[in-house]
Amino acid sequence: MADTPMVVIRNLSKVYRQGDLDVVALNRISLQIDSGEFLALMGPSGSGKSTLLHIIAGVDRPTGGECRVQGIEVTRLNESALADWRNQNVGFVFQSFNLIPVLTAYENVELPLLLTGLNRRRRRQQVNRALELVGLADRSRHLPRQLSGGQEQRVAIARALVTDPALIVADEPTGNLDSRSAHEALGILQSLSRQSGKTVILVTHDPKAAAFGTRTIHLEKGELT
Amino acid sequence: MSTGTFVLKNALRNKRRAGLCILSVAVSLFLFVTLLVALREITIPPEDVGAASRIIVRNKISLGTLLPARQRAVLERLPGVAAVTPFTWYGGKFRDEDATLFGQFAVDPLKLPVLLPEARVPPEQWAAFFKDRRACLVGKIVADQYHFQLGDRLPFTGTIWPCDLELRVAGIYEGTLDDRNVFFHHDYLNEAVGELNQVGTWWVKARSLDQMAEVVAEINHAFANTAAEVRAETERAFQMSMISMWGNIRILVRSICSVVVFTLVLVSASTMNMAVRERFRELAVLKALGFRRRQLFAFILAESFGLALAGALVGVGGAWFFYSHVSIARLTQGIFITFEVTPRILGQAWLIAVGLGIGASIAPAVAVARMSVVEGLKTLD
Ligand SMILES: Nc1ncnc2c1ncn2[C@@H]1O[C@H](COP(=O)(O)OP(=O)(O)OP(=O)(O)O)[C@@H](O)[C@H]1O
Ligand SMILES: [Mg+2]
């Protein structure tokens with residue numbers, strides 16, 4: 001399967017209208033990402049990295065061009081179909097972790113599974129496996145505030161992979177972490193791509209983080225360089 | 001974790017706020033129920049059949065001016081009249097009470113069963129009442145309140161009439177609109193005052209409901225241009241004229257109710273708004289994870305509903321429990337008697353709670369539905 005591309009992007013544009021002014025966030029980008037690739041997306045602030053990531057992950061829509069993920073034209077799905085598609089195919093990791101503060105680590109990881117038809121026992125198996133994978137099986141009953149930043153981000157990674165999605169997107173996941181925690185988190189993402197064949201897209205400012213990837217691309221003013 | 005647990009954990013994340021919201025809903029709904037019950041009690045329309053076919057004849061000058069006893073013969077000869085009894089308010093003080101809150105009326109005992117057909121009295125008690133000049137019939141509410149037994153002697157001190165009375169309980173009646181009176185022999189009052197030969201009012205029973213208007217006109221006509229002109233009207237009209245005094249109160253109470261409900265809507269809406277605003281980013285994350293708009297809406301609605309219904313459970317349930325277990329008659333010294341929380345009032349209060357639950361969730365739900373994931377993720381905590 002490694003030879004069928006995961007993401008195929010053609011002439012993708014995103015233009016924000018602000019009064020009379022057009023802000024071009026993405027300018028006719030074409031790009032292909034293969035299955036199992038660990039792609040690092042770099043570029044200065046405001047270059048359109050997050051915008052591109054959001055469109056690929058199906059939480060934002062382009063103003064022009066195509067974006068196919070696993071052969072599906074994501075840009076054409078309606079709201080609820082898109083929601084289901086995200087649940088099954090995409091795992092999100094954010095810079096600020098974004099765990100639900102009133103839920104334990106276990107419950108946070110379980111959250112995306114509530115949308116699947118899995119019964120409680122199957123859910124427990126998957127949540128436990130995901131928590132083991134990020135090395136936090138012993139912290140499942142902790143609330144986010146009882147965890148360190150690095151642990152929180154690992155819980156977030158567990159939440160992203162618990163539905164076994166083909167694609168994991170991470171927008172500056174190490175931005176709020178010290179270098180050791182960052183190293184751990186990136187190591188987990190790397191092994192996901194190497195051992196489980198997941199496609200990982202990592203947005204980062206840090207060349208050391210980008211070095212974990214299999215390929216690095218650069219965006220500047222909405223264009224690939 | 002089930003979805004229910006998830007909603008519950010969210011709703012209780014700010015326990016103090018949830019508690020205050022529930023409390024304000026509870027207090028407001030308690031007040032709302034209380035106002036409606038009070039309003040109902042002071043304006044119960046006289047809808048019993050007895051009242052519909054009774055005519056009250058009073059002196060045209062005022063309710064307090066007496067009528068000559070000889071009018072009775074004239075009344076009884078009128079074609080549409082079935083029965084006549086004097087009906088005179090004694091208004092005495094019972095034992096050493098400062099103010100006695102039940103009425104005592106002097107009547108013709110033999111006519112009472114005809115004029116007050118809704119009163120239920122065992123036959124042997126009727127008989128005892130007829131036989132003894134000093135006997136009286138006591139309303140069930142009063143009898144229960146004072147623990148009267150058959151045969152008890154009730155001493156009264158006259159306040160309007162220059163005579164004291166001692167009545168013997170011969171029977172207890174129930175089933176009238178207001179079982180709070182004492183009826184006794186007019187002859188006894190006559191005798192105690194000494195050749196009274198006057199009555200307070202007449203109660204007249206018409207032969208049929210169709211003839212009511214006719215009989216009223218006949219009575220008014222019969223005493224026109226005599227020394228004691230009368231004003232006859234149906235009992236219902238008579239009671240209505242009393243109730244119309246409460247008309248302004250009704251408007252007042254209704255407006256207070258509206259203000260209470262309005263305030264309640266504001267309080268719950270702002271609570272839900274805050275609860276959702278501070279979670280905007282989390283809701284965006286849920287959207288990213290694949291939760292649909294409809295599901296997020298359901299979460300918000302469930303939370304809003306939960307708060308409103310918890311408030312209703314405490315407030316409406318509390319009012320119902322309180323008013324059905326506490327003697328309001330004693331608490332208000334007889335101003336309110338039944339203070340019944342009717343199913344209709346309960347229904348109204350619950351309906352408001354339901355409306356509140358839905359109403360308070362609309363604005364935040366719309367905001368969440370409109371929010372795009374990208375936009376929501378950008379909101380700061
Ligand atoms: N809602 C919006 N309205 C108008 N312009 C926007 C909006 N969102 C983003 N932009 C513009 O789009 C461009 C790309 O933004 P984007 O967030 O993708 O940048 P980025 O590369 O992720 O930057 P950073 O590294 O700072 O996160 C920026 O110039 C930004 O100002
Ligand atoms: Mg960005």
# chains A, B, ... in the order shown; residues from 1 in each chain; ligands from 1
$ select_by_dssp --residues "region 57-221 of chain A" --states "strand (DSSP E or B)" --output "PyMOL selection string"
chain A and resi 64-69+72-73+90-93+167-171+199-203+215-220
$ write_last_selection --atoms "N, CA, C and O atoms" --output "compact mmCIF listing (two decimals), in the first residue's frame"
# COMPACT_ATOMS: atom_id res chain seq x y z
N GLY A 64 -10.07 27.09 -3.61
CA GLY A 64 -9.86 26.59 -4.97
C GLY A 64 -8.97 25.37 -4.94
O GLY A 64 -8.25 25.12 -3.98
N GLY A 65 -9.04 24.57 -6.02
CA GLY A 65 -8.15 23.42 -6.15
C GLY A 65 -8.72 22.15 -5.53
O GLY A 65 -9.87 22.13 -5.08
N GLU A 66 -7.92 21.11 -5.52
CA GLU A 66 -8.38 19.80 -5.05
C GLU A 66 -7.50 19.30 -3.91
O GLU A 66 -6.32 19.61 -3.85
N CYS A 67 -8.13 18.53 -3.07
CA CYS A 67 -7.39 17.85 -2.02
C CYS A 67 -8.01 16.49 -1.81
O CYS A 67 -9.10 16.36 -1.28
N ARG A 68 -7.30 15.46 -2.28
CA ARG A 68 -7.80 14.09 -2.11
C ARG A 68 -7.02 13.40 -1.02
O ARG A 68 -5.79 13.46 -1.02
N VAL A 69 -7.73 12.75 -0.13
CA VAL A 69 -7.07 11.96 0.89
C VAL A 69 -7.56 10.53 0.74
O VAL A 69 -8.78 10.30 0.76
N ILE A 72 -10.31 10.15 -1.62
CA ILE A 72 -11.60 10.83 -1.38
C ILE A 72 -11.43 12.34 -1.47
O ILE A 72 -10.51 12.91 -0.86
N GLU A 73 -12.29 12.97 -2.25
CA GLU A 73 -12.23 14.42 -2.38
C GLU A 73 -12.88 15.03 -1.13
O GLU A 73 -14.09 15.24 -1.06
N VAL A 90 -8.65 10.57 10.73
CA VAL A 90 -7.66 11.56 11.13
C VAL A 90 -7.49 11.60 12.64
O VAL A 90 -8.47 11.55 13.38
N GLY A 91 -6.23 11.68 13.07
CA GLY A 91 -5.95 11.93 14.48
C GLY A 91 -5.31 13.29 14.62
O GLY A 91 -4.43 13.65 13.85
N PHE A 92 -5.80 14.06 15.61
CA PHE A 92 -5.29 15.43 15.79
C PHE A 92 -4.40 15.53 17.02
O PHE A 92 -4.75 15.03 18.09
N VAL A 93 -3.28 16.23 16.86
CA VAL A 93 -2.45 16.60 18.01
C VAL A 93 -2.23 18.11 17.93
O VAL A 93 -1.86 18.62 16.87
N LEU A 167 -4.16 8.74 9.08
CA LEU A 167 -3.45 10.02 9.03
C LEU A 167 -3.42 10.68 10.40
O LEU A 167 -4.44 10.75 11.08
N ILE A 168 -2.22 11.13 10.79
CA ILE A 168 -2.14 11.88 12.05
C ILE A 168 -1.55 13.25 11.73
O ILE A 168 -0.50 13.35 11.08
N VAL A 169 -2.27 14.31 12.14
CA VAL A 169 -1.77 15.65 11.90
C VAL A 169 -1.40 16.28 13.25
O VAL A 169 -2.13 16.14 14.22
N ALA A 170 -0.26 16.97 13.27
CA ALA A 170 0.21 17.57 14.52
C ALA A 170 0.70 18.98 14.22
O ALA A 170 1.64 19.15 13.43
N ASP A 171 0.02 19.97 14.81
CA ASP A 171 0.37 21.37 14.57
C ASP A 171 1.23 21.88 15.73
O ASP A 171 0.73 22.15 16.81
N THR A 199 0.56 7.73 8.28
CA THR A 199 1.08 8.94 7.66
C THR A 199 1.00 10.05 8.70
O THR A 199 -0.05 10.26 9.30
N VAL A 200 2.12 10.72 8.94
CA VAL A 200 2.14 11.77 9.96
C VAL A 200 2.53 13.08 9.28
O VAL A 200 3.51 13.12 8.51
N ILE A 201 1.75 14.13 9.53
CA ILE A 201 2.15 15.45 9.05
C ILE A 201 2.42 16.31 10.27
O ILE A 201 1.55 16.48 11.13
N LEU A 202 3.63 16.83 10.33
CA LEU A 202 4.08 17.58 11.50
C LEU A 202 4.40 19.01 11.09
O LEU A 202 5.27 19.24 10.25
N VAL A 203 3.68 19.98 11.67
CA VAL A 203 4.03 21.37 11.45
C VAL A 203 4.97 21.79 12.57
O VAL A 203 4.70 21.54 13.74
N ARG A 215 10.72 13.46 5.39
CA ARG A 215 10.85 14.49 4.35
C ARG A 215 10.45 15.81 4.98
O ARG A 215 9.57 15.87 5.84
N THR A 216 11.07 16.88 4.53
CA THR A 216 10.71 18.21 5.01
C THR A 216 10.35 19.10 3.84
O THR A 216 11.05 19.09 2.82
N ILE A 217 9.23 19.81 3.94
CA ILE A 217 8.90 20.78 2.89
C ILE A 217 8.77 22.15 3.55
O ILE A 217 8.46 22.26 4.74
N HIS A 218 8.99 23.18 2.75
CA HIS A 218 8.97 24.55 3.26
C HIS A 218 7.89 25.35 2.58
O HIS A 218 7.73 25.29 1.37
N LEU A 219 7.15 26.09 3.39
CA LEU A 219 6.14 27.00 2.86
C LEU A 219 6.64 28.42 3.08
O LEU A 219 7.26 28.72 4.11
N GLU A 220 6.37 29.27 2.12
CA GLU A 220 6.68 30.68 2.31
C GLU A 220 5.62 31.50 1.58
O GLU A 220 5.39 31.31 0.40
$ residues_near_ligand --ligand "ligand 1" --cutoff "8 Å" --atoms "only C-alpha atoms and all ligand atoms" --output "ChimeraX atom specification"
/A:15-18,23-26,43-52,204-205,219,221-222 /B:375
$ write_last_selection --atoms "C-alpha atoms" --output "PDB file, in the first residue's frame"
ATOM      1  CA  VAL A  15      -7.926  33.210   0.070  1.00  0.00           C
ATOM      2  CA  TYR A  16      -9.401  35.194   2.956  1.00  0.00           C
ATOM      3  CA  ARG A  17     -11.405  38.231   1.945  1.00  0.00           C
ATOM      4  CA  GLN A  18     -10.979  41.106   4.325  1.00  0.00           C
ATOM      5  CA  VAL A  23      -5.232  37.675   2.018  1.00  0.00           C
ATOM      6  CA  VAL A  24      -3.757  34.729   0.177  1.00  0.00           C
ATOM      7  CA  ALA A  25      -2.949  32.048   2.744  1.00  0.00           C
ATOM      8  CA  LEU A  26      -2.263  29.320   0.178  1.00  0.00           C
ATOM      9  CA  GLY A  43       8.019  27.862   7.271  1.00  0.00           C
ATOM     10  CA  PRO A  44       7.874  31.268   8.867  1.00  0.00           C
ATOM     11  CA  SER A  45       4.904  32.459  10.844  1.00  0.00           C
ATOM     12  CA  GLY A  46       1.928  33.296   8.664  1.00  0.00           C
ATOM     13  CA  SER A  47       3.193  31.239   5.739  1.00  0.00           C
ATOM     14  CA  GLY A  48       0.069  29.058   5.669  1.00  0.00           C
ATOM     15  CA  LYS A  49       1.245  25.895   7.427  1.00  0.00           C
ATOM     16  CA  SER A  50      -1.754  25.559   9.724  1.00  0.00           C
ATOM     17  CA  THR A  51      -4.113  26.435   6.907  1.00  0.00           C
ATOM     18  CA  LEU A  52      -2.748  23.652   4.737  1.00  0.00           C
ATOM     19  CA  THR A 204       7.057  22.787  13.246  1.00  0.00           C
ATOM     20  CA  HIS A 205       9.418  25.720  13.531  1.00  0.00           C
ATOM     21  CA  LEU A 219       6.144  27.002   2.856  1.00  0.00           C
ATOM     22  CA  LYS A 221       3.885  33.224   1.754  1.00  0.00           C
ATOM     23  CA  GLY A 222       1.505  30.456   0.820  1.00  0.00           C
TER      24      GLY A 222
ATOM     25  CA  GLU B 375     -12.004  29.528  14.590  1.00  0.00           C
TER      26      GLU B 375
END
$ atom_distance --atom1 "CA of Val169 (chain B)" --atom2 "CA of Glu124 (chain B)"
12.8 Å
$ interface_residues --of "chain A" --to "chain B" --cutoff "7 Å" --atoms "only C-alpha atoms" --output "PyMOL selection string"
chain A and resi 59-60+80+83-84+86-87+98+100+102+107+112
$ write_last_selection --atoms "all heavy atoms" --output "PDB file, in the first residue's frame"
ATOM      1  N   VAL A  59     -10.902  20.102   8.435  1.00  0.00           N
ATOM      2  CA  VAL A  59     -11.583  21.025   9.342  1.00  0.00           C
ATOM      3  C   VAL A  59     -11.678  22.421   8.731  1.00  0.00           C
ATOM      4  O   VAL A  59     -12.231  23.329   9.329  1.00  0.00           O
ATOM      5  CB  VAL A  59     -10.893  21.115  10.727  1.00  0.00           C
ATOM      6  CG1 VAL A  59     -11.071  19.819  11.485  1.00  0.00           C
ATOM      7  CG2 VAL A  59      -9.434  21.492  10.595  1.00  0.00           C
ATOM      8  N   ASP A  60     -11.112  22.593   7.547  1.00  0.00           N
ATOM      9  CA  ASP A  60     -11.207  23.884   6.860  1.00  0.00           C
ATOM     10  C   ASP A  60     -11.414  23.579   5.381  1.00  0.00           C
ATOM     11  O   ASP A  60     -11.113  22.469   4.924  1.00  0.00           O
ATOM     12  CB  ASP A  60      -9.907  24.683   7.088  1.00  0.00           C
ATOM     13  CG  ASP A  60     -10.120  26.177   6.872  1.00  0.00           C
ATOM     14  OD1 ASP A  60     -11.249  26.570   6.478  1.00  0.00           O
ATOM     15  OD2 ASP A  60      -9.166  26.948   7.105  1.00  0.00           O
ATOM     16  N   SER A  80     -21.647  16.705   8.003  1.00  0.00           N
ATOM     17  CA  SER A  80     -21.716  15.523   8.855  1.00  0.00           C
ATOM     18  C   SER A  80     -20.894  14.376   8.285  1.00  0.00           C
ATOM     19  O   SER A  80     -20.270  13.620   9.042  1.00  0.00           O
ATOM     20  CB  SER A  80     -23.165  15.099   9.099  1.00  0.00           C
ATOM     21  OG  SER A  80     -23.983  15.479   8.051  1.00  0.00           O
ATOM     22  N   ALA A  83     -17.470  15.089   9.314  1.00  0.00           N
ATOM     23  CA  ALA A  83     -17.261  14.787  10.729  1.00  0.00           C
ATOM     24  C   ALA A  83     -16.984  13.294  10.897  1.00  0.00           C
ATOM     25  O   ALA A  83     -16.040  12.896  11.597  1.00  0.00           O
ATOM     26  CB  ALA A  83     -18.474  15.208  11.546  1.00  0.00           C
ATOM     27  N   ASP A  84     -17.798  12.456  10.258  1.00  0.00           N
ATOM     28  CA  ASP A  84     -17.581  11.006  10.339  1.00  0.00           C
ATOM     29  C   ASP A  84     -16.228  10.624   9.755  1.00  0.00           C
ATOM     30  O   ASP A  84     -15.501   9.787  10.299  1.00  0.00           O
ATOM     31  CB  ASP A  84     -18.690  10.267   9.576  1.00  0.00           C
ATOM     32  CG  ASP A  84     -20.034  10.422  10.263  1.00  0.00           C
ATOM     33  OD1 ASP A  84     -20.047  10.903  11.421  1.00  0.00           O
ATOM     34  OD2 ASP A  84     -21.059  10.075   9.651  1.00  0.00           O
ATOM     35  N   ARG A  86     -13.519  12.428   9.522  1.00  0.00           N
ATOM     36  CA  ARG A  86     -12.445  12.823  10.447  1.00  0.00           C
ATOM     37  C   ARG A  86     -12.308  11.818  11.576  1.00  0.00           C
ATOM     38  O   ARG A  86     -11.215  11.411  11.950  1.00  0.00           O
ATOM     39  CB  ARG A  86     -12.734  14.197  11.064  1.00  0.00           C
ATOM     40  CG  ARG A  86     -12.452  15.364  10.171  1.00  0.00           C
ATOM     41  CD  ARG A  86     -12.369  16.648  10.990  1.00  0.00           C
ATOM     42  NE  ARG A  86     -13.567  16.953  11.734  1.00  0.00           N
ATOM     43  CZ  ARG A  86     -14.555  17.705  11.285  1.00  0.00           C
ATOM     44  NH1 ARG A  86     -14.484  18.224  10.064  1.00  0.00           N
ATOM     45  NH2 ARG A  86     -15.612  17.957  12.018  1.00  0.00           N
ATOM     46  N   ASN A  87     -13.468  11.420  12.118  1.00  0.00           N
ATOM     47  CA  ASN A  87     -13.441  10.487  13.243  1.00  0.00           C
ATOM     48  C   ASN A  87     -12.728   9.182  12.869  1.00  0.00           C
ATOM     49  O   ASN A  87     -11.982   8.624  13.659  1.00  0.00           O
ATOM     50  CB  ASN A  87     -14.866  10.210  13.710  1.00  0.00           C
ATOM     51  CG  ASN A  87     -14.904   9.276  14.906  1.00  0.00           C
ATOM     52  OD1 ASN A  87     -15.371   8.149  14.820  1.00  0.00           O
ATOM     53  ND2 ASN A  87     -14.372   9.743  16.028  1.00  0.00           N
ATOM     54  N   ASN A  98      -5.071  20.460  24.426  1.00  0.00           N
ATOM     55  CA  ASN A  98      -6.531  20.452  24.273  1.00  0.00           C
ATOM     56  C   ASN A  98      -7.198  19.197  24.805  1.00  0.00           C
ATOM     57  O   ASN A  98      -8.087  18.628  24.179  1.00  0.00           O
ATOM     58  CB  ASN A  98      -6.926  20.651  22.803  1.00  0.00           C
ATOM     59  CG  ASN A  98      -6.755  22.098  22.382  1.00  0.00           C
ATOM     60  OD1 ASN A  98      -6.819  22.989  23.228  1.00  0.00           O
ATOM     61  ND2 ASN A  98      -6.536  22.327  21.116  1.00  0.00           N
ATOM     62  N   ILE A 100      -9.755  17.504  27.634  1.00  0.00           N
ATOM     63  CA  ILE A 100     -10.911  18.010  28.387  1.00  0.00           C
ATOM     64  C   ILE A 100     -10.551  17.926  29.876  1.00  0.00           C
ATOM     65  O   ILE A 100     -10.300  16.829  30.386  1.00  0.00           O
ATOM     66  CB  ILE A 100     -12.174  17.164  28.108  1.00  0.00           C
ATOM     67  CG1 ILE A 100     -12.401  16.988  26.610  1.00  0.00           C
ATOM     68  CG2 ILE A 100     -13.396  17.767  28.793  1.00  0.00           C
ATOM     69  CD1 ILE A 100     -12.844  18.204  25.855  1.00  0.00           C
ATOM     70  N   VAL A 102     -12.060  18.029  32.714  1.00  0.00           N
ATOM     71  CA  VAL A 102     -12.839  17.291  33.720  1.00  0.00           C
ATOM     72  C   VAL A 102     -12.808  15.788  33.478  1.00  0.00           C
ATOM     73  O   VAL A 102     -13.382  15.029  34.252  1.00  0.00           O
ATOM     74  CB  VAL A 102     -14.317  17.763  33.764  1.00  0.00           C
ATOM     75  CG1 VAL A 102     -14.396  19.138  34.393  1.00  0.00           C
ATOM     76  CG2 VAL A 102     -14.949  17.743  32.396  1.00  0.00           C
ATOM     77  N   GLU A 107     -10.476   8.670  30.013  1.00  0.00           N
ATOM     78  CA  GLU A 107     -11.714   9.152  29.385  1.00  0.00           C
ATOM     79  C   GLU A 107     -11.436  10.059  28.189  1.00  0.00           C
ATOM     80  O   GLU A 107     -12.154  10.027  27.188  1.00  0.00           O
ATOM     81  CB  GLU A 107     -12.561   9.891  30.424  1.00  0.00           C
ATOM     82  CG  GLU A 107     -13.160   8.959  31.462  1.00  0.00           C
ATOM     83  CD  GLU A 107     -13.701   9.710  32.678  1.00  0.00           C
ATOM     84  OE1 GLU A 107     -13.221  10.825  32.968  1.00  0.00           O
ATOM     85  OE2 GLU A 107     -14.594   9.167  33.338  1.00  0.00           O
ATOM     86  N   PRO A 112     -13.037   9.843  21.342  1.00  0.00           N
ATOM     87  CA  PRO A 112     -13.370   9.610  19.926  1.00  0.00           C
ATOM     88  C   PRO A 112     -14.059   8.264  19.695  1.00  0.00           C
ATOM     89  O   PRO A 112     -14.793   8.108  18.723  1.00  0.00           O
ATOM     90  CB  PRO A 112     -12.014   9.636  19.216  1.00  0.00           C
ATOM     91  CG  PRO A 112     -11.038  10.151  20.200  1.00  0.00           C
ATOM     92  CD  PRO A 112     -11.597   9.970  21.568  1.00  0.00           C
TER      93      PRO A 112
END
$ residues_around --residues "region 27-30 of chain A" --least-positions-apart "6" --cutoff "6 Å" --atoms "only C-alpha atoms" --output "PyMOL selection string"
chain A and resi 9-13+222-223
$ select_by_dssp --residues "region 27-195 of chain A" --states "alpha helix (DSSP H)" --output "number ranges by chain"
A: 49-56, 79-89, 105-110, 120-133, 149-161, 179-195
$ residues_around --residues "region 101-111 of chain B" --least-positions-apart "6" --cutoff "8 Å" --atoms "only C-alpha atoms" --output "ChimeraX atom specification"
/B:83-92,129-130,142,180-187,189,334
$ atom_distance --atom1 "CA of Arg122 (chain A)" --atom2 "CA of Leu161 (chain A)"
15.0 Å
$ atom_distance --atom1 "CA of Arg154 (chain A)" --atom2 "CA of Arg277 (chain B)"
26.8 Å
$ residues_around --residues "Val368 (chain B)" --least-positions-apart "3" --cutoff "8 Å" --atoms "only C-alpha atoms" --output "PyMOL selection string"
chain B and resi 280+283+293+296-297+364-365+371
$ closest_residue --among "A:Ser191, A:Val109, A:Ala209, A:Leu53" --to "Arg141 (chain A)" --atoms "only C-alpha atoms"
A:Val109
$ residues_around --residues "Leu356 (chain B)" --least-positions-apart "5" --cutoff "10 Å" --atoms "only C-alpha atoms" --output "ChimeraX atom specification"
/B:25,261-262,264-269,304-305,307-309,350-351,361
$ closest_residue --among "A:Asp206, A:Asp178, A:Glu172, A:Glu152" --to "ligand 2" --atoms "only C-alpha atoms and all ligand atoms"
A:Glu172
$ closest_residue --among "A:Thr214, A:Ser148, A:Asn78, A:Ser196" --to "Pro165 (chain A)" --atoms "only C-alpha atoms"
A:Ser196
$ residues_around --residues "Ile33 (chain A)" --least-positions-apart "3" --cutoff "7 Å" --atoms "only C-alpha atoms" --output "number ranges by chain"
A: 5-8, 37
$ write_last_selection --atoms "C-alpha atoms" --output "PDB file, in the first residue's frame"
ATOM      1  CA  PRO A   5      -0.379   8.232  -2.234  1.00  0.00           C
ATOM      2  CA  MET A   6      -2.096   9.219   0.993  1.00  0.00           C
ATOM      3  CA  VAL A   7      -2.689  12.827   0.047  1.00  0.00           C
ATOM      4  CA  VAL A   8      -2.857  14.345  -3.399  1.00  0.00           C
ATOM      5  CA  GLU A  37       5.453   9.136   5.227  1.00  0.00           C
TER       6      GLU A  37
END
$ closest_residue --among "B:Ile55, B:Ala38, B:Leu67, B:Ile22" --to "Ala82 (chain B)" --atoms "only C-alpha atoms"
B:Ile55
